[in-house]
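Novice: The structure under discussion is supplied below as structure tokens; questions concerning it will follow.
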Amino acid sequence: MSKKVLVVYRDFPEVGPYAQAVSAVDLEPVLVEAGSHVSLDDYAGLLLTGGSDVNPARYGEALAPETDPPDDERDEMEAGL
């Protein structure tokens, strides 16, 4: 049985290359949309696919003009994992 890797994503069309990379090293990608409720208990690894900037408020800073709009739901999920 292959080891499962949790792959967190926000935009499904963009997650394909990540899933292929995980499969290429004989691991099983399990795709989970950001905001889902999930635990790492059943997984051998976690792959965070990137995306918008982490909300600077999470580390006590203000948004800068060049900061991407935050995805607080995704930040919360990923921080919990």
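Ligands are numbered from 1 in the order shown, chains are lettered A, B, ... in the order of the structure tokens, and residues start at 1 in each chain.
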Mind checking which residues fall within 12 Å of range 54-67 of chain A, counting only C-alpha atoms, ignoring those fewer than 4 positions away in the same chain, and posting them as a PyMOL selection string?
Specialist: chain A and resi 50+71-79
Novice: Using DSSP on the backbone coordinates, identify all residues within range 1-80 of chain A classified as alpha helix (DSSP H); present the result as a list in words.
Specialist: Gly16, Pro17, Tyr18, Ala19, Gln20, Ala21, Val22, Ser23, Ala24, Asp72, Glu73, Arg74, Asp75, Glu76, Met77, Glu78, Ala79 and Gly80 of chain A
Novice: How would the residues just chosen look if you wrote them out with N, CA, C and O atoms as a PDB file, in the first residue's frame?
Specialist:
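Result went into out-v7.pdb, see below:
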```pdb
ATOM      1  N   GLY A  16      -3.252  19.829 -10.431  1.00  0.00           N
ATOM      2  CA  GLY A  16      -2.812  18.675 -11.206  1.00  0.00           C
ATOM      3  C   GLY A  16      -1.317  18.400 -11.172  1.00  0.00           C
ATOM      4  O   GLY A  16      -0.889  17.275 -10.888  1.00  0.00           O
ATOM      5  N   PRO A  17      -0.466  19.398 -11.445  1.00  0.00           N
ATOM      6  CA  PRO A  17       0.974  19.139 -11.409  1.00  0.00           C
ATOM      7  C   PRO A  17       1.479  18.688 -10.039  1.00  0.00           C
ATOM      8  O   PRO A  17       2.413  17.880  -9.946  1.00  0.00           O
ATOM      9  N   TYR A  18       0.878  19.187  -8.976  1.00  0.00           N
ATOM     10  CA  TYR A  18       1.269  18.760  -7.635  1.00  0.00           C
ATOM     11  C   TYR A  18       0.921  17.288  -7.419  1.00  0.00           C
ATOM     12  O   TYR A  18       1.721  16.512  -6.902  1.00  0.00           O
ATOM     13  N   ALA A  19      -0.278  16.904  -7.818  1.00  0.00           N
ATOM     14  CA  ALA A  19      -0.707  15.506  -7.685  1.00  0.00           C
ATOM     15  C   ALA A  19       0.191  14.595  -8.522  1.00  0.00           C
ATOM     16  O   ALA A  19       0.574  13.508  -8.070  1.00  0.00           O
ATOM     17  N   GLN A  20       0.544  15.031  -9.717  1.00  0.00           N
ATOM     18  CA  GLN A  20       1.426  14.233 -10.570  1.00  0.00           C
ATOM     19  C   GLN A  20       2.809  14.081  -9.946  1.00  0.00           C
ATOM     20  O   GLN A  20       3.403  12.998 -10.014  1.00  0.00           O
ATOM     21  N   ALA A  21       3.328  15.129  -9.339  1.00  0.00           N
ATOM     22  CA  ALA A  21       4.643  15.060  -8.700  1.00  0.00           C
ATOM     23  C   ALA A  21       4.630  14.081  -7.533  1.00  0.00           C
ATOM     24  O   ALA A  21       5.572  13.304  -7.353  1.00  0.00           O
ATOM     25  N   VAL A  22       3.569  14.096  -6.749  1.00  0.00           N
ATOM     26  CA  VAL A  22       3.450  13.164  -5.622  1.00  0.00           C
ATOM     27  C   VAL A  22       3.371  11.734  -6.154  1.00  0.00           C
ATOM     28  O   VAL A  22       4.058  10.829  -5.650  1.00  0.00           O
ATOM     29  N   SER A  23       2.577  11.518  -7.179  1.00  0.00           N
ATOM     30  CA  SER A  23       2.445  10.183  -7.773  1.00  0.00           C
ATOM     31  C   SER A  23       3.765   9.702  -8.373  1.00  0.00           C
ATOM     32  O   SER A  23       4.069   8.507  -8.323  1.00  0.00           O
ATOM     33  N   ALA A  24       4.539  10.624  -8.926  1.00  0.00           N
ATOM     34  CA  ALA A  24       5.800  10.266  -9.574  1.00  0.00           C
ATOM     35  C   ALA A  24       6.810   9.659  -8.612  1.00  0.00           C
ATOM     36  O   ALA A  24       7.727   8.956  -9.040  1.00  0.00           O
ATOM     37  N   ASP A  72      -8.115  33.903   4.511  1.00  0.00           N
ATOM     38  CA  ASP A  72      -8.080  33.566   5.936  1.00  0.00           C
ATOM     39  C   ASP A  72      -8.516  32.138   6.214  1.00  0.00           C
ATOM     40  O   ASP A  72      -7.971  31.487   7.109  1.00  0.00           O
ATOM     41  N   GLU A  73      -9.492  31.644   5.466  1.00  0.00           N
ATOM     42  CA  GLU A  73      -9.948  30.265   5.657  1.00  0.00           C
ATOM     43  C   GLU A  73      -8.815  29.281   5.381  1.00  0.00           C
ATOM     44  O   GLU A  73      -8.589  28.343   6.141  1.00  0.00           O
ATOM     45  N   ARG A  74      -8.093  29.503   4.308  1.00  0.00           N
ATOM     46  CA  ARG A  74      -6.964  28.628   3.962  1.00  0.00           C
ATOM     47  C   ARG A  74      -5.838  28.764   4.986  1.00  0.00           C
ATOM     48  O   ARG A  74      -5.263  27.768   5.420  1.00  0.00           O
ATOM     49  N   ASP A  75      -5.521  30.008   5.388  1.00  0.00           N
ATOM     50  CA  ASP A  75      -4.487  30.212   6.387  1.00  0.00           C
ATOM     51  C   ASP A  75      -4.804  29.450   7.666  1.00  0.00           C
ATOM     52  O   ASP A  75      -3.926  28.815   8.265  1.00  0.00           O
ATOM     53  N   GLU A  76      -6.054  29.512   8.093  1.00  0.00           N
ATOM     54  CA  GLU A  76      -6.474  28.837   9.329  1.00  0.00           C
ATOM     55  C   GLU A  76      -6.313  27.320   9.204  1.00  0.00           C
ATOM     56  O   GLU A  76      -5.795  26.655  10.102  1.00  0.00           O
ATOM     57  N   MET A  77      -6.754  26.770   8.087  1.00  0.00           N
ATOM     58  CA  MET A  77      -6.651  25.328   7.886  1.00  0.00           C
ATOM     59  C   MET A  77      -5.186  24.880   7.877  1.00  0.00           C
ATOM     60  O   MET A  77      -4.813  23.920   8.547  1.00  0.00           O
ATOM     61  N   GLU A  78      -4.366  25.582   7.089  1.00  0.00           N
ATOM     62  CA  GLU A  78      -2.969  25.178   6.951  1.00  0.00           C
ATOM     63  C   GLU A  78      -2.206  25.337   8.262  1.00  0.00           C
ATOM     64  O   GLU A  78      -1.384  24.499   8.614  1.00  0.00           O
ATOM     65  N   ALA A  79      -2.492  26.397   9.007  1.00  0.00           N
ATOM     66  CA  ALA A  79      -1.836  26.584  10.301  1.00  0.00           C
ATOM     67  C   ALA A  79      -2.208  25.457  11.259  1.00  0.00           C
ATOM     68  O   ALA A  79      -1.372  24.992  12.041  1.00  0.00           O
ATOM     69  N   GLY A  80      -3.455  25.010  11.188  1.00  0.00           N
ATOM     70  CA  GLY A  80      -3.899  23.914  12.052  1.00  0.00           C
ATOM     71  C   GLY A  80      -3.256  22.577  11.698  1.00  0.00           C
ATOM     72  O   GLY A  80      -3.038  21.733  12.570  1.00  0.00           O
TER      73      GLY A  80
END
```
Novice: If you count only C-alpha atoms, which residues fall within 8 Å of Tyr9 in chain A, apart from same-chain ones fewer than 3 positions away, as an NGL selection string?
Specialist: :A and (12 or 15 or 31-34 or 48-50)
Novice: Just N, CA, C and O atoms for this one: save the residues we selected as a PDB file, in the first residue's frame.
Specialist:
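The new file selection.pdb reads:
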```
ATOM      1  N   PHE A  12      -8.807  24.013  -8.136  1.00  0.00           N
ATOM      2  CA  PHE A  12      -8.632  22.653  -8.638  1.00  0.00           C
ATOM      3  C   PHE A  12      -7.853  22.567  -9.945  1.00  0.00           C
ATOM      4  O   PHE A  12      -6.998  21.696 -10.079  1.00  0.00           O
ATOM      5  N   VAL A  15      -4.047  22.209  -9.312  1.00  0.00           N
ATOM      6  CA  VAL A  15      -3.480  21.201  -8.412  1.00  0.00           C
ATOM      7  C   VAL A  15      -2.913  19.988  -9.161  1.00  0.00           C
ATOM      8  O   VAL A  15      -2.126  19.239  -8.607  1.00  0.00           O
ATOM      9  N   LEU A  31      -6.334  14.803  -2.573  1.00  0.00           N
ATOM     10  CA  LEU A  31      -6.614  16.220  -2.786  1.00  0.00           C
ATOM     11  C   LEU A  31      -7.732  16.697  -1.875  1.00  0.00           C
ATOM     12  O   LEU A  31      -8.812  16.106  -1.844  1.00  0.00           O
ATOM     13  N   VAL A  32      -7.458  17.779  -1.145  1.00  0.00           N
ATOM     14  CA  VAL A  32      -8.435  18.330  -0.216  1.00  0.00           C
ATOM     15  C   VAL A  32      -8.485  19.841  -0.423  1.00  0.00           C
ATOM     16  O   VAL A  32      -7.456  20.523  -0.325  1.00  0.00           O
ATOM     17  N   GLU A  33      -9.672  20.346  -0.712  1.00  0.00           N
ATOM     18  CA  GLU A  33      -9.834  21.783  -0.921  1.00  0.00           C
ATOM     19  C   GLU A  33      -9.644  22.537   0.387  1.00  0.00           C
ATOM     20  O   GLU A  33     -10.103  22.098   1.453  1.00  0.00           O
ATOM     21  N   ALA A  34      -8.948  23.666   0.299  1.00  0.00           N
ATOM     22  CA  ALA A  34      -8.736  24.516   1.470  1.00  0.00           C
ATOM     23  C   ALA A  34     -10.073  24.858   2.104  1.00  0.00           C
ATOM     24  O   ALA A  34     -11.051  25.133   1.414  1.00  0.00           O
ATOM     25  N   LEU A  48       1.575  21.672   0.869  1.00  0.00           N
ATOM     26  CA  LEU A  48       0.863  22.938   0.751  1.00  0.00           C
ATOM     27  C   LEU A  48       1.246  23.523  -0.593  1.00  0.00           C
ATOM     28  O   LEU A  48       2.419  23.756  -0.864  1.00  0.00           O
ATOM     29  N   THR A  49       0.252  23.769  -1.435  1.00  0.00           N
ATOM     30  CA  THR A  49       0.514  24.099  -2.831  1.00  0.00           C
ATOM     31  C   THR A  49       0.820  25.564  -3.095  1.00  0.00           C
ATOM     32  O   THR A  49       1.124  25.917  -4.224  1.00  0.00           O
ATOM     33  N   GLY A  50       0.745  26.400  -2.128  1.00  0.00           N
ATOM     34  CA  GLY A  50       0.990  27.822  -2.372  1.00  0.00           C
ATOM     35  C   GLY A  50      -0.275  28.509  -2.830  1.00  0.00           C
ATOM     36  O   GLY A  50      -1.339  27.904  -2.933  1.00  0.00           O
TER      37      GLY A  50
END
```
Novice: Pick the closest to Val7 in chain A from A:Leu40, A:Ser52, A:Glu28, A:Leu46: which is it, counting only C-alpha atoms?
Specialist: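 For Val7 in chain A, the nearest of the given residues is A:Leu46.
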Novice: Could you go through chain A and tell me which residues DSSP, when run on the backbone, assigns to strand (DSSP E or B), listing them as a list in words?
Specialist: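 Filtering chain A to strand (DSSP E or B) leaves Lys4, Val5, Leu6, Val7, Val8, Tyr9, Glu28, Pro29, Val30, Leu31, Val32, Glu33, Gly45, Leu46, Leu47 and Leu48 of chain A.
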Novice: Can you write out the residues you just picked, keeping C-alpha atoms, as a short mmCIF file (atom, residue, chain, number, x, y, z; two decimals), in the first residue's frame?
Specialist:
```
data_model
loop_
_atom_site.label_atom_id
_atom_site.label_comp_id
_atom_site.auth_asym_id
_atom_site.auth_seq_id
_atom_site.Cartn_x
_atom_site.Cartn_y
_atom_site.Cartn_z
CA LYS A 4 -0.90 8.92 1.34
CA VAL A 5 0.04 12.59 1.10
CA LEU A 6 -2.52 15.26 1.85
CA VAL A 7 -2.45 17.93 -0.88
CA VAL A 8 -4.23 21.15 0.12
CA TYR A 9 -5.37 23.39 -2.73
CA GLU A 28 -0.76 8.59 -3.24
CA PRO A 29 -1.99 12.18 -3.44
CA VAL A 30 -5.23 12.90 -1.58
CA LEU A 31 -6.61 16.22 -2.79
CA VAL A 32 -8.44 18.33 -0.22
CA GLU A 33 -9.83 21.78 -0.92
CA GLY A 45 2.87 13.79 4.56
CA LEU A 46 1.42 17.18 3.78
CA LEU A 47 1.90 19.29 0.64
CA LEU A 48 0.86 22.94 0.75
#
```
